[in-house]
file structure_36.pdb (PDB, C-alpha atoms and all ligand atoms)
ATOM      1  CA  MET N 269     -26.473 -77.262 -34.124
ATOM      2  CA  PRO N 270     -25.363 -79.297 -31.095
ATOM      3  CA  LEU N 271     -24.009 -77.039 -28.370
ATOM      4  CA  THR N 272     -22.773 -78.160 -24.987
ATOM      5  CA  PHE N 273     -22.359 -76.015 -21.930
ATOM      6  CA  HIS N 274     -19.410 -76.801 -19.697
ATOM      7  CA  PRO N 275     -19.007 -74.754 -16.559
ATOM      8  CA  ARG N 276     -18.683 -71.161 -17.789
ATOM      9  CA  SER N 277     -18.156 -71.827 -21.515
ATOM     10  CA  LEU N 278     -19.844 -73.222 -24.609
ATOM     11  CA  SER N 279     -18.489 -75.890 -26.903
ATOM     12  CA  LEU N 280     -19.347 -77.433 -30.250
ATOM     13  CA  PRO N 281     -18.719 -81.169 -29.838
ATOM     14  CA  LYS N 282     -19.010 -82.027 -33.575
ATOM     15  CA  LEU N 283     -16.320 -79.472 -34.339
ATOM     16  CA  GLY N 284     -14.256 -80.337 -31.253
ATOM     17  CA  MET N 285     -14.008 -76.626 -30.463
ATOM     18  CA  GLN N 286     -14.690 -74.729 -27.236
ATOM     19  CA  LEU N 287     -15.616 -71.043 -27.129
ATOM     20  CA  ASP N 288     -13.507 -68.906 -24.753
ATOM     21  CA  PRO N 289     -12.900 -71.777 -22.299
ATOM     22  CA  HIS N 290     -11.161 -70.996 -19.022
ATOM     23  CA  ARG N 291      -9.236 -74.260 -18.945
ATOM     24  CA  ALA N 292      -6.667 -75.318 -21.533
ATOM     25  CA  CYS N 293      -8.168 -77.610 -24.192
ATOM     26  CA  PRO N 294      -7.137 -79.085 -27.586
ATOM     27  CA  PHE N 295      -8.946 -76.504 -29.765
ATOM     28  CA  ALA N 296     -10.505 -73.196 -28.706
ATOM     29  CA  PHE N 297     -11.855 -70.001 -30.169
ATOM     30  CA  VAL N 298     -10.396 -67.093 -28.183
ATOM     31  CA  SER N 299     -12.534 -64.008 -28.789
ATOM     32  CA  HIS N 300     -10.015 -61.462 -27.432
ATOM     33  CA  GLY N 301      -6.926 -60.954 -25.301
ATOM     34  CA  HIS N 302      -8.468 -60.399 -21.841
ATOM     35  CA  ALA N 303      -7.220 -62.901 -19.271
ATOM     36  CA  ASP N 304     -10.706 -64.211 -18.421
ATOM     37  CA  HIS N 305     -11.089 -65.401 -22.025
ATOM     38  CA  PHE N 306      -7.691 -67.012 -22.407
ATOM     39  CA  ALA N 307      -5.992 -70.282 -21.442
ATOM     40  CA  ARG N 308      -3.019 -72.152 -22.904
ATOM     41  CA  HIS N 309      -4.847 -74.240 -25.499
ATOM     42  CA  ASP N 310      -3.101 -76.560 -27.958
ATOM     43  CA  LYS N 311      -4.678 -74.740 -30.906
ATOM     44  CA  ILE N 312      -6.323 -71.303 -30.860
ATOM     45  CA  LEU N 313      -8.598 -69.827 -33.501
ATOM     46  CA  CYS N 314      -8.615 -66.024 -33.279
ATOM     47  CA  SER N 315      -8.513 -62.793 -35.272
ATOM     48  CA  VAL N 316      -5.186 -61.544 -36.631
ATOM     49  CA  PRO N 317      -4.867 -58.619 -34.129
ATOM     50  CA  THR N 318      -5.857 -60.871 -31.204
ATOM     51  CA  GLY N 319      -3.186 -63.349 -32.327
ATOM     52  CA  HIS N 320      -0.605 -60.563 -32.095
ATOM     53  CA  ILE N 321      -1.843 -59.509 -28.647
ATOM     54  CA  LEU N 322      -1.783 -63.139 -27.396
ATOM     55  CA  ARG N 323       1.804 -63.467 -28.594
ATOM     56  CA  ARG N 324       2.855 -60.214 -26.908
ATOM     57  CA  ARG N 325       0.841 -60.662 -23.708
ATOM     58  CA  TYR N 326       1.115 -64.404 -23.034
ATOM     59  CA  SER N 327       4.038 -65.404 -25.319
ATOM     60  CA  VAL N 328       1.816 -67.846 -27.233
ATOM     61  CA  ALA N 329       3.825 -69.757 -29.873
ATOM     62  CA  LYS N 330       2.989 -68.830 -33.465
ATOM     63  CA  ASP N 331       2.283 -72.432 -34.519
ATOM     64  CA  ARG N 332      -0.542 -72.695 -31.965
ATOM     65  CA  LEU N 333      -2.503 -69.914 -33.650
ATOM     66  CA  LEU N 334      -5.015 -70.376 -36.437
ATOM     67  CA  LEU N 335      -5.516 -66.784 -37.608
ATOM     68  CA  LEU N 336      -8.536 -65.664 -39.576
ATOM     69  CA  ASP N 337      -8.965 -62.297 -41.312
ATOM     70  CA  TRP N 338     -12.241 -60.426 -40.781
ATOM     71  CA  GLU N 339     -15.068 -62.056 -42.742
ATOM     72  CA  ASP N 340     -12.770 -64.575 -44.489
ATOM     73  CA  GLN N 341     -14.177 -68.084 -44.329
ATOM     74  CA  ILE N 342     -12.591 -71.380 -43.363
ATOM     75  CA  THR N 343     -14.340 -74.734 -43.373
ATOM     76  CA  ILE N 344     -13.538 -77.395 -40.783
ATOM     77  CA  ASP N 345     -15.449 -80.720 -40.937
ATOM     78  CA  GLY N 346     -18.326 -79.113 -42.827
ATOM     79  CA  HIS N 347     -18.526 -76.121 -40.448
ATOM     80  CA  HIS N 348     -18.162 -72.792 -42.264
ATOM     81  CA  ILE N 349     -16.484 -70.331 -39.906
ATOM     82  CA  GLN N 350     -16.172 -66.537 -40.091
ATOM     83  CA  LEU N 351     -15.037 -63.863 -37.633
ATOM     84  CA  PHE N 352     -16.621 -60.411 -37.274
ATOM     85  CA  PRO N 353     -15.321 -57.440 -35.229
ATOM     86  CA  ALA N 354     -16.978 -57.299 -31.780
ATOM     87  CA  GLY N 355     -16.010 -53.679 -30.962
ATOM     88  CA  HIS N 356     -14.963 -54.627 -27.399
ATOM     89  CA  ILE N 357     -11.168 -54.077 -27.577
ATOM     90  CA  THR N 358      -8.570 -54.238 -30.356
ATOM     91  CA  GLY N 359      -8.963 -57.536 -32.212
ATOM     92  CA  SER N 360     -12.059 -58.705 -30.300
ATOM     93  CA  ALA N 361     -14.102 -61.031 -32.504
ATOM     94  CA  MET N 362     -17.482 -62.696 -32.749
ATOM     95  CA  ILE N 363     -17.542 -66.109 -34.393
ATOM     96  CA  ARG N 364     -20.243 -67.221 -36.838
ATOM     97  CA  ILE N 365     -20.454 -70.938 -37.543
ATOM     98  CA  GLU N 366     -22.730 -72.452 -40.161
ATOM     99  CA  HIS N 367     -23.376 -76.189 -40.326
ATOM    100  CA  ASP N 368     -26.139 -78.176 -42.041
ATOM    101  CA  GLY N 369     -27.980 -74.970 -42.947
ATOM    102  CA  GLU N 370     -28.058 -73.688 -39.362
ATOM    103  CA  SER N 371     -25.967 -70.795 -38.067
ATOM    104  CA  LEU N 372     -24.671 -69.732 -34.660
ATOM    105  CA  LEU N 373     -23.197 -66.369 -33.659
ATOM    106  CA  TYR N 374     -21.181 -66.296 -30.436
ATOM    107  CA  THR N 375     -20.376 -62.719 -29.431
ATOM    108  CA  GLY N 376     -17.670 -63.044 -26.774
ATOM    109  CA  ASP N 377     -17.483 -59.621 -25.097
ATOM    110  CA  PHE N 378     -18.849 -56.932 -27.384
ATOM    111  CA  LYS N 379     -19.771 -53.277 -27.653
ATOM    112  CA  THR N 380     -22.114 -51.587 -30.128
ATOM    113  CA  ARG N 381     -20.587 -48.095 -30.002
ATOM    114  CA  ASP N 382     -17.577 -47.050 -32.046
ATOM    115  CA  SER N 383     -14.311 -46.350 -30.254
ATOM    116  CA  PHE N 384     -10.763 -45.237 -31.110
ATOM    117  CA  THR N 385      -9.073 -48.564 -30.424
ATOM    118  CA  ALA N 386     -11.528 -51.357 -31.305
ATOM    119  CA  GLU N 387     -12.613 -52.223 -34.827
ATOM    120  CA  SER N 388     -16.209 -51.085 -35.539
ATOM    121  CA  PRO N 389     -18.565 -53.958 -34.688
ATOM    122  CA  VAL N 390     -20.334 -55.897 -37.454
ATOM    123  CA  PHE N 391     -23.398 -57.997 -36.561
ATOM    124  CA  PRO N 392     -24.262 -60.689 -39.133
ATOM    125  CA  GLN N 393     -27.557 -62.587 -39.157
ATOM    126  CA  ALA N 394     -27.616 -65.963 -37.360
ATOM    127  CA  ASP N 395     -30.251 -68.539 -36.316
ATOM    128  CA  ILE N 396     -28.834 -68.946 -32.814
ATOM    129  CA  LEU N 397     -27.290 -66.041 -30.913
ATOM    130  CA  ALA N 398     -25.121 -66.707 -27.850
ATOM    131  CA  MET N 399     -24.532 -63.250 -26.384
ATOM    132  CA  GLU N 400     -22.897 -61.731 -23.319
ATOM    133  CA  THR N 401     -25.223 -59.638 -21.145
ATOM    134  CA  THR N 402     -22.857 -57.945 -18.675
ATOM    135  CA  PHE N 403     -25.051 -54.824 -18.566
ATOM    136  CA  GLY N 404     -28.365 -56.580 -19.199
ATOM    137  CA  LEU N 405     -30.452 -54.542 -16.749
ATOM    138  CA  PRO N 406     -32.631 -51.656 -18.030
ATOM    139  CA  HIS N 407     -30.932 -48.935 -15.948
ATOM    140  CA  PHE N 408     -27.616 -49.494 -17.743
ATOM    141  CA  ILE N 409     -27.905 -46.741 -20.335
ATOM    142  CA  PHE N 410     -24.547 -45.086 -20.922
ATOM    143  CA  PRO N 411     -24.432 -41.345 -21.722
ATOM    144  CA  PRO N 412     -23.422 -40.309 -25.265
ATOM    145  CA  THR N 413     -19.755 -41.161 -25.914
ATOM    146  CA  GLU N 414     -18.861 -37.531 -26.799
ATOM    147  CA  LYS N 415     -20.209 -36.368 -23.443
ATOM    148  CA  ILE N 416     -18.083 -38.936 -21.574
ATOM    149  CA  HIS N 417     -15.011 -37.835 -23.564
ATOM    150  CA  THR N 418     -15.680 -34.158 -22.722
ATOM    151  CA  ASN N 419     -16.026 -34.965 -19.022
ATOM    152  CA  ILE N 420     -12.785 -36.986 -19.052
ATOM    153  CA  LEU N 421     -10.898 -34.120 -20.721
ATOM    154  CA  THR N 422     -12.359 -31.514 -18.337
ATOM    155  CA  PHE N 423     -11.351 -33.633 -15.328
ATOM    156  CA  ALA N 424      -7.776 -33.971 -16.647
ATOM    157  CA  LYS N 425      -7.357 -30.317 -17.699
ATOM    158  CA  GLU N 426      -8.743 -28.955 -14.409
ATOM    159  CA  GLY N 427      -6.350 -31.184 -12.479
ATOM    160  CA  LEU N 428      -3.341 -30.016 -14.471
ATOM    161  CA  GLU N 429      -4.361 -26.359 -14.023
ATOM    162  CA  LEU N 430      -4.558 -26.857 -10.244
ATOM    163  CA  GLY N 431      -1.117 -28.484 -10.180
ATOM    164  CA  GLU N 432      -2.570 -31.936  -9.468
ATOM    165  CA  THR N 433      -1.582 -35.202 -11.146
ATOM    166  CA  PRO N 434      -4.630 -36.736 -12.828
ATOM    167  CA  ILE N 435      -4.453 -40.541 -12.571
ATOM    168  CA  PHE N 436      -6.731 -42.757 -14.660
ATOM    169  CA  TYR N 437      -7.101 -46.326 -13.449
ATOM    170  CA  ALA N 438      -7.892 -48.705 -16.280
ATOM    171  CA  TYR N 439      -7.080 -52.345 -17.034
ATOM    172  CA  SER N 440      -3.892 -52.533 -19.049
ATOM    173  CA  LEU N 441      -5.502 -53.868 -22.237
ATOM    174  CA  GLY N 442      -8.524 -52.119 -23.716
ATOM    175  CA  LYS N 443      -9.783 -49.219 -21.624
ATOM    176  CA  ALA N 444      -6.219 -47.969 -20.980
ATOM    177  CA  GLN N 445      -5.582 -47.513 -24.719
ATOM    178  CA  GLU N 446      -9.003 -45.922 -25.190
ATOM    179  CA  VAL N 447      -8.432 -43.247 -22.527
ATOM    180  CA  TYR N 448      -4.887 -42.798 -23.868
ATOM    181  CA  ALA N 449      -6.382 -42.094 -27.307
ATOM    182  CA  ILE N 450      -8.925 -39.635 -25.844
ATOM    183  CA  LEU N 451      -6.245 -37.694 -23.924
ATOM    184  CA  THR N 452      -3.532 -37.668 -26.588
ATOM    185  CA  ARG N 453      -5.933 -36.612 -29.352
ATOM    186  CA  ALA N 454      -6.546 -33.532 -27.177
ATOM    187  CA  LYS N 455      -2.720 -33.092 -27.076
ATOM    188  CA  LEU N 456      -2.533 -33.648 -23.307
ATOM    189  CA  PRO N 457       0.745 -34.975 -21.806
ATOM    190  CA  VAL N 458       0.424 -38.619 -20.692
ATOM    191  CA  VAL N 459       2.779 -41.217 -19.196
ATOM    192  CA  LEU N 460       1.939 -44.914 -18.964
ATOM    193  CA  ASN N 461       2.924 -47.436 -16.326
ATOM    194  CA  LYS N 462       4.842 -50.471 -17.613
ATOM    195  CA  SER N 463       1.983 -52.916 -18.243
ATOM    196  CA  VAL N 464      -0.160 -50.251 -19.934
ATOM    197  CA  TYR N 465       2.858 -49.121 -21.968
ATOM    198  CA  GLU N 466       3.547 -52.668 -23.198
ATOM    199  CA  MET N 467      -0.080 -53.308 -24.185
ATOM    200  CA  THR N 468      -0.263 -49.899 -25.876
ATOM    201  CA  GLN N 469       2.760 -50.835 -27.993
ATOM    202  CA  ALA N 470       1.161 -54.220 -28.813
ATOM    203  CA  VAL N 471      -2.071 -52.481 -29.882
ATOM    204  CA  ARG N 472      -0.113 -49.973 -32.021
ATOM    205  CA  GLU N 473       1.668 -52.883 -33.722
ATOM    206  CA  THR N 474      -1.713 -54.226 -34.894
ATOM    207  CA  GLY N 475      -2.191 -50.992 -36.867
ATOM    208  CA  ILE N 476      -4.344 -48.966 -34.444
ATOM    209  CA  ASN N 477      -3.468 -45.273 -34.703
ATOM    210  CA  LEU N 478      -2.030 -44.192 -31.329
ATOM    211  CA  THR N 479       0.799 -41.728 -30.668
ATOM    212  CA  GLU N 480       4.175 -43.080 -29.494
ATOM    213  CA  PRO N 481       3.692 -43.691 -25.745
ATOM    214  CA  LYS N 482       5.960 -42.447 -22.943
ATOM    215  CA  LEU N 483       6.892 -44.867 -20.167
ATOM    216  CA  LEU N 484       6.533 -43.728 -16.544
ATOM    217  CA  GLY N 485       9.943 -43.664 -14.826
ATOM    218  CA  GLU N 486      10.719 -43.695 -11.105
ATOM    219  CA  ALA N 487       8.953 -40.373 -10.506
ATOM    220  CA  ILE N 488       5.821 -38.869 -12.012
ATOM    221  CA  PRO N 489       6.852 -35.817 -14.061
ATOM    222  CA  PRO N 490       4.975 -32.665 -12.934
ATOM    223  CA  GLY N 491       2.179 -31.559 -15.251
ATOM    224  CA  THR N 492       1.586 -35.071 -16.590
ATOM    225  CA  ILE N 493      -1.385 -37.439 -16.602
ATOM    226  CA  VAL N 494      -0.837 -41.083 -15.591
ATOM    227  CA  ILE N 495      -2.680 -44.142 -16.918
ATOM    228  CA  ALA N 496      -2.165 -47.313 -14.884
ATOM    229  CA  PRO N 497      -4.046 -50.431 -13.731
ATOM    230  CA  PRO N 498      -6.087 -50.133 -10.500
ATOM    231  CA  ASN N 499      -3.416 -51.823  -8.314
ATOM    232  CA  PHE N 500      -1.050 -48.934  -9.136
ATOM    233  CA  GLY N 501      -2.974 -46.927  -6.512
ATOM    234  CA  LYS N 502      -1.374 -49.063  -3.785
ATOM    235  CA  THR N 503       2.201 -48.156  -4.759
ATOM    236  CA  PRO N 504       4.224 -45.656  -2.650
ATOM    237  CA  LEU N 505       4.554 -43.512  -5.780
ATOM    238  CA  VAL N 506       0.824 -42.772  -5.652
ATOM    239  CA  LYS N 507       0.359 -42.986  -1.883
ATOM    240  CA  ASN N 508       3.056 -40.336  -1.294
ATOM    241  CA  LEU N 509       1.660 -38.080  -4.001
ATOM    242  CA  LYS N 510      -0.245 -35.264  -2.285
ATOM    243  CA  ALA N 511      -1.684 -33.284  -5.185
ATOM    244  CA  LYS N 512      -3.583 -35.820  -7.265
ATOM    245  CA  ARG N 513      -7.052 -36.602  -8.567
ATOM    246  CA  THR N 514      -8.019 -40.149  -9.422
ATOM    247  CA  ALA N 515     -10.570 -41.564 -11.820
ATOM    248  CA  MET N 516     -11.750 -44.976 -12.929
ATOM    249  CA  LEU N 517     -13.402 -45.850 -16.230
ATOM    250  CA  SER N 518     -16.146 -48.436 -15.996
ATOM    251  CA  GLY N 519     -19.724 -49.154 -16.972
ATOM    252  CA  TRP N 520     -20.263 -49.978 -13.281
ATOM    253  CA  ALA N 521     -20.080 -46.207 -12.694
ATOM    254  CA  LEU N 522     -23.864 -46.342 -13.103
ATOM    255  CA  THR N 523     -24.162 -48.586 -10.038
ATOM    256  CA  LYS N 524     -24.875 -47.032  -6.626
ATOM    257  CA  GLY N 525     -21.832 -46.874  -4.362
ATOM    258  CA  ALA N 526     -19.370 -47.635  -7.166
ATOM    259  CA  GLN N 527     -17.247 -44.544  -6.451
ATOM    260  CA  TYR N 528     -16.852 -45.581  -2.825
ATOM    261  CA  ARG N 529     -16.100 -49.194  -3.789
ATOM    262  CA  TYR N 530     -13.373 -48.239  -6.254
ATOM    263  CA  ARG N 531     -11.943 -45.576  -3.889
ATOM    264  CA  VAL N 532     -11.498 -42.936  -6.567
ATOM    265  CA  ASP N 533     -12.489 -39.275  -6.816
ATOM    266  CA  THR N 534     -14.523 -39.736  -9.994
ATOM    267  CA  LEU N 535     -15.946 -42.541 -12.104
ATOM    268  CA  PHE N 536     -16.625 -42.212 -15.808
ATOM    269  CA  PRO N 537     -19.128 -44.622 -17.388
ATOM    270  CA  LEU N 538     -16.825 -45.458 -20.292
ATOM    271  CA  SER N 539     -17.379 -49.143 -20.955
ATOM    272  CA  ASP N 540     -16.097 -51.655 -23.484
ATOM    273  CA  HIS N 541     -19.368 -53.604 -23.224
ATOM    274  CA  ALA N 542     -22.780 -52.923 -24.762
ATOM    275  CA  ASP N 543     -25.326 -51.136 -22.581
ATOM    276  CA  PHE N 544     -28.947 -52.303 -22.292
ATOM    277  CA  PRO N 545     -30.200 -50.513 -25.453
ATOM    278  CA  GLY N 546     -27.096 -51.804 -27.289
ATOM    279  CA  LEU N 547     -27.912 -55.389 -26.305
ATOM    280  CA  LEU N 548     -31.482 -54.999 -27.579
ATOM    281  CA  LYS N 549     -30.251 -53.468 -30.845
ATOM    282  CA  THR N 550     -27.875 -56.403 -31.298
ATOM    283  CA  VAL N 551     -30.732 -58.901 -31.047
ATOM    284  CA  GLU N 552     -32.614 -56.879 -33.665
ATOM    285  CA  LYS N 553     -29.629 -56.865 -36.048
ATOM    286  CA  VAL N 554     -28.764 -60.565 -35.706
ATOM    287  CA  SER N 555     -32.454 -61.491 -35.947
ATOM    288  CA  PRO N 556     -32.046 -64.942 -34.331
ATOM    289  CA  LYS N 557     -34.682 -67.624 -33.777
ATOM    290  CA  LEU N 558     -33.122 -68.652 -30.471
ATOM    291  CA  ILE N 559     -30.994 -66.678 -27.982
ATOM    292  CA  TYR N 560     -28.745 -67.812 -25.156
ATOM    293  CA  THR N 561     -27.429 -65.258 -22.671
ATOM    294  CA  LEU N 562     -24.158 -65.612 -20.792
ATOM    295  CA  HIS N 563     -22.203 -63.423 -18.313
ATOM    296  CA  GLY N 564     -23.841 -60.783 -16.139
ATOM    297  CA  SER N 565     -27.610 -60.381 -15.914
ATOM    298  CA  THR N 566     -28.352 -63.446 -18.033
ATOM    299  CA  ARG N 567     -31.722 -64.445 -16.566
ATOM    300  CA  GLU N 568     -33.043 -60.900 -16.313
ATOM    301  CA  PHE N 569     -32.124 -60.090 -19.899
ATOM    302  CA  ALA N 570     -33.529 -63.395 -21.199
ATOM    303  CA  THR N 571     -36.787 -62.655 -19.350
ATOM    304  CA  GLU N 572     -36.852 -59.195 -20.941
ATOM    305  CA  LEU N 573     -36.344 -60.730 -24.391
ATOM    306  CA  ARG N 574     -39.094 -63.297 -23.876
ATOM    307  CA  ALA N 575     -41.447 -60.464 -22.866
ATOM    308  CA  ARG N 576     -40.575 -58.940 -26.242
ATOM    309  CA  GLY N 577     -41.506 -62.160 -28.045
ATOM    310  CA  HIS N 578     -38.089 -63.823 -28.399
ATOM    311  CA  ASP N 579     -37.132 -67.379 -27.532
ATOM    312  CA  ALA N 580     -34.343 -66.487 -25.083
ATOM    313  CA  TRP N 581     -32.742 -68.407 -22.229
ATOM    314  CA  SER N 582     -29.922 -67.962 -19.752
ATOM    315  CA  ILE N 583     -27.166 -70.469 -20.340
ATOM    316  CA  TYR N 584     -26.883 -70.898 -16.561
ATOM    317  CA  GLY N 585     -30.462 -72.124 -16.243
ATOM    318  CA  ASN N 586     -29.267 -75.591 -15.328
ATOM    319  CA  ASP N 587     -25.854 -77.103 -14.650
ATOM    320  CA  GLN N 588     -24.315 -79.404 -17.248
ATOM    321  CA  LEU N 589     -27.183 -78.714 -19.610
ATOM    322  CA  GLU N 590     -27.057 -80.384 -23.009
ATOM    323  CA  LEU N 591     -28.498 -78.053 -25.620
ATOM    324  CA  PHE N 592     -29.781 -79.687 -28.773
ATOM    325  CA  GLY N 593     -31.750 -76.893 -30.369
ATOM    326  CA  LYS N 594     -35.148 -75.469 -29.629
ATOM    327  CA  GLU N 595     -37.329 -78.590 -29.749
ATOM    328  CA  GLU N 596     -35.326 -80.620 -27.261
ATOM    329  CA  LEU N 597     -34.305 -77.691 -25.062
ATOM    330  CA  PRO N 598     -35.683 -78.012 -21.537
ATOM    331  CA  LYS N 599     -37.486 -74.909 -20.346
ATOM    332  CA  PHE N 600     -35.928 -73.496 -17.208
ATOM    333  CA  THR N 601     -37.665 -72.396 -14.068
ATOM    334  CA  GLU N 602     -37.286 -68.682 -13.539
ATOM    335  CA  GLY N 603     -35.022 -67.586 -10.747
ATOM    336  CA  ARG N 604     -32.918 -70.711 -10.576
TER     337      ARG N 604
HETATM  338 ZN    ZN G   1     -13.141 -58.607 -22.292
END

call {"tool": "encode", "arguments": {"input": "structure_36.pdb", "output": "structure tokens", "more": "lines below"}}
Ligand SMILES: [Zn+2]
result
Amino acid sequence: MPLTFHPRSLSLPKLGMQLDPHRACPFAFVSHGHADHFARHDKILCSVPTGHILRRRYSVAKDRLLLLDWEDQITIDGHHIQLFPAGHITGSAMIRIEHDGESLLYTGDFKTRDSFTAESPVFPQADILAMETTFGLPHFIFPPTEKIHTNILTFAKEGLELGETPIFYAYSLGKAQEVYAILTRAKLPVVLNKSVYEMTQAVRETGINLTEPKLLGEAIPPGTIVIAPPNFGKTPLVKNLKAKRTAMLSGWALTKGAQYRYRVDTLFPLSDHADFPGLLKTVEKVSPKLIYTLHGSTREFATELRARGHDAWSIYGNDQLELFGKEELPKFTEGR
């Protein structure tokens, strides 16, 4: 299946479709609603919940969206196309394209663990796997999800008992709803800043089960937990707040110095990406003949896969590389 790599995104020239391109184009697959996967394309193929989020978040016109239900199939110019849940955030999708008896699975951002706010991931078989490898180094092994949840709840409850305001910094779409679900399922009182509140409503409208959110007003009510994006920490509301404890939720919590870098009291390794064992498990499930890695530790993870007997290559091995399948694929020099 002919695949072309433009700077930072893949495209299928025969289909005239780009995958998560950063620049606006005539026809794109948008895997999910995060800003680094979206641009104002003429036509967007996406999952039904992502379509709703794109409309709410970026005011995308309805007639620009080509919506596909999970595992339904459409055929465009002989390409059979299906979407599968990627488990990253609400609506996040992987796309499987089959053409001339050959199949490609492009993951977008994905996670292998279940969560409260993303659909459970489904990994179909494909001949070619183009996968993200954000946490593609062996030391990225996240603790069990239940343990992370317990630690988050303990942090929040202890803060409230001491008369402090627990503040969780999380990007407004994805992690913010996940920590909101964790806290509200434990019946803890939570207020949301405006952008988190709006995205939480958008996620609820897609059918995800979350309690009715409360919007943060001009003052933080005593005895309440706040969820807000990281830049909220720079507002006078937070700066003038004496009794507070702050936390950030990120897979980068496992990186040395992360706590200092993010300037928070605590970091929880709650990620919406797959960890290293999750990435390996994904390769096993998809059982591809050829693997391309993109985002994060692409070369390191491809090297690891080759050591395990796979035909795996970083997509960034060479600029402007034309990929025409295994036989014609140039082999890259390591470390480039
Ligand atoms: Zn994302």

call {"tool": "resolve_selection", "arguments": {"input": "structure_36.pdb", "expression": "the PyMOL selection byres (((chain N and resi 382) around 12) and not hetatm)", "output": "ChimeraX atom specification"}}
result
/N:353-358,378-381,383-390,412-414,446,538-542,546

call {"tool": "write_last_selection", "arguments": {"input": "structure_36.pdb", "atoms": "C-alpha atoms", "output": "tab-separated table (two decimals), in the coordinates of the input"}}
result
chain	number	residue	atom	x	y	z
N	353	PRO	CA	-15.32	-57.44	-35.23
N	354	ALA	CA	-16.98	-57.30	-31.78
N	355	GLY	CA	-16.01	-53.68	-30.96
N	356	HIS	CA	-14.96	-54.63	-27.40
N	357	ILE	CA	-11.17	-54.08	-27.58
N	358	THR	CA	-8.57	-54.24	-30.36
N	378	PHE	CA	-18.85	-56.93	-27.38
N	379	LYS	CA	-19.77	-53.28	-27.65
N	380	THR	CA	-22.11	-51.59	-30.13
N	381	ARG	CA	-20.59	-48.10	-30.00
N	383	SER	CA	-14.31	-46.35	-30.25
N	384	PHE	CA	-10.76	-45.24	-31.11
N	385	THR	CA	-9.07	-48.56	-30.42
N	386	ALA	CA	-11.53	-51.36	-31.30
N	387	GLU	CA	-12.61	-52.22	-34.83
N	388	SER	CA	-16.21	-51.08	-35.54
N	389	PRO	CA	-18.57	-53.96	-34.69
N	390	VAL	CA	-20.33	-55.90	-37.45
N	412	PRO	CA	-23.42	-40.31	-25.26
N	413	THR	CA	-19.76	-41.16	-25.91
N	414	GLU	CA	-18.86	-37.53	-26.80
N	446	GLU	CA	-9.00	-45.92	-25.19
N	538	LEU	CA	-16.82	-45.46	-20.29
N	539	SER	CA	-17.38	-49.14	-20.96
N	540	ASP	CA	-16.10	-51.66	-23.48
N	541	HIS	CA	-19.37	-53.60	-23.22
N	542	ALA	CA	-22.78	-52.92	-24.76
N	546	GLY	CA	-27.10	-51.80	-27.29

call {"tool": "axis_aligned_box", "arguments": {"input": "structure_36.pdb", "around": "stretch 421-432 of chain N", "padding_each_side": "4 Å", "output": "JSON"}}
result
{"center_x": -6.7, "center_y": -30.2, "center_z": -15.1, "size_x": 19.2, "size_y": 15.8, "size_z": 19.3}

call {"tool": "atom_distance", "arguments": {"input": "structure_36.pdb", "atom1": "atom CA of N:Tyr439", "atom2": "atom CA of N:Asn508"}}
result
22.2 Å

call {"tool": "resolve_selection", "arguments": {"input": "structure_36.pdb", "expression": "the PyMOL selection byres (((chain N and resi 440) around 12) and not hetatm)", "output": "JSON, numbers by chain"}}
result
{"N": [301, 302, 303, 325, 357, 436, 437, 438, 439, 441, 442, 443, 444, 445, 446, 447, 448, 460, 461, 462, 463, 464, 465, 466, 467, 468, 469, 470, 471, 495, 496, 497, 498, 499, 500, 517]}

call {"tool": "resolve_selection", "arguments": {"input": "structure_36.pdb", "expression": "the PyMOL selection byres (((chain N and resi 480-482) around 7) and not hetatm)", "output": "list in words"}}
result
Val459, Leu460, Tyr465, Leu478, Thr479, Leu483 and Leu484 of chain N

call {"tool": "atom_distance", "arguments": {"input": "structure_36.pdb", "atom1": "atom CA of N:Glu366", "atom2": "atom CA of N:Ala307"}}
result
25.2 Å

call {"tool": "closest_residue", "arguments": {"input": "structure_36.pdb", "among": "N:Thr523, N:Thr566, N:Ser555, N:Thr474", "to": "N:Arg324", "atoms": "only C-alpha atoms"}}
result
N:Thr474

call {"tool": "closest_residue", "arguments": {"input": "structure_36.pdb", "among": "N:Arg323, N:His563, N:Lys502, N:Arg529", "to": "ligand ZN 1 (chain G)", "atoms": "all atoms listed in the file"}}
result
N:His563

call {"tool": "residues_around", "arguments": {"input": "structure_36.pdb", "residues": "N:His300", "least_positions_apart": "4", "cutoff": "7 Å", "atoms": "only C-alpha atoms", "output": "ChimeraX atom specification"}}
result
/N:305,318,359-361

call {"tool": "residues_around", "arguments": {"input": "structure_36.pdb", "residues": "N:Pro490", "least_positions_apart": "5", "cutoff": "12 Å", "atoms": "all atoms listed in the file", "output": "number ranges by chain"}}
result
N: 427-434, 457-459, 484, 509, 511-512

call {"tool": "write_last_selection", "arguments": {"input": "structure_36.pdb", "atoms": "C-alpha atoms", "output": "PDB file, in the coordinates of the input"}}
result
ATOM      1  CA  GLY N 427      -6.350 -31.184 -12.479  1.00  0.00           C
ATOM      2  CA  LEU N 428      -3.341 -30.016 -14.471  1.00  0.00           C
ATOM      3  CA  GLU N 429      -4.361 -26.359 -14.023  1.00  0.00           C
ATOM      4  CA  LEU N 430      -4.558 -26.857 -10.244  1.00  0.00           C
ATOM      5  CA  GLY N 431      -1.117 -28.484 -10.180  1.00  0.00           C
ATOM      6  CA  GLU N 432      -2.570 -31.936  -9.468  1.00  0.00           C
ATOM      7  CA  THR N 433      -1.582 -35.202 -11.146  1.00  0.00           C
ATOM      8  CA  PRO N 434      -4.630 -36.736 -12.828  1.00  0.00           C
ATOM      9  CA  PRO N 457       0.745 -34.975 -21.806  1.00  0.00           C
ATOM     10  CA  VAL N 458       0.424 -38.619 -20.692  1.00  0.00           C
ATOM     11  CA  VAL N 459       2.779 -41.217 -19.196  1.00  0.00           C
ATOM     12  CA  LEU N 484       6.533 -43.728 -16.544  1.00  0.00           C
ATOM     13  CA  LEU N 509       1.660 -38.080  -4.001  1.00  0.00           C
ATOM     14  CA  ALA N 511      -1.684 -33.284  -5.185  1.00  0.00           C
ATOM     15  CA  LYS N 512      -3.583 -35.820  -7.265  1.00  0.00           C
TER      16      LYS N 512
END
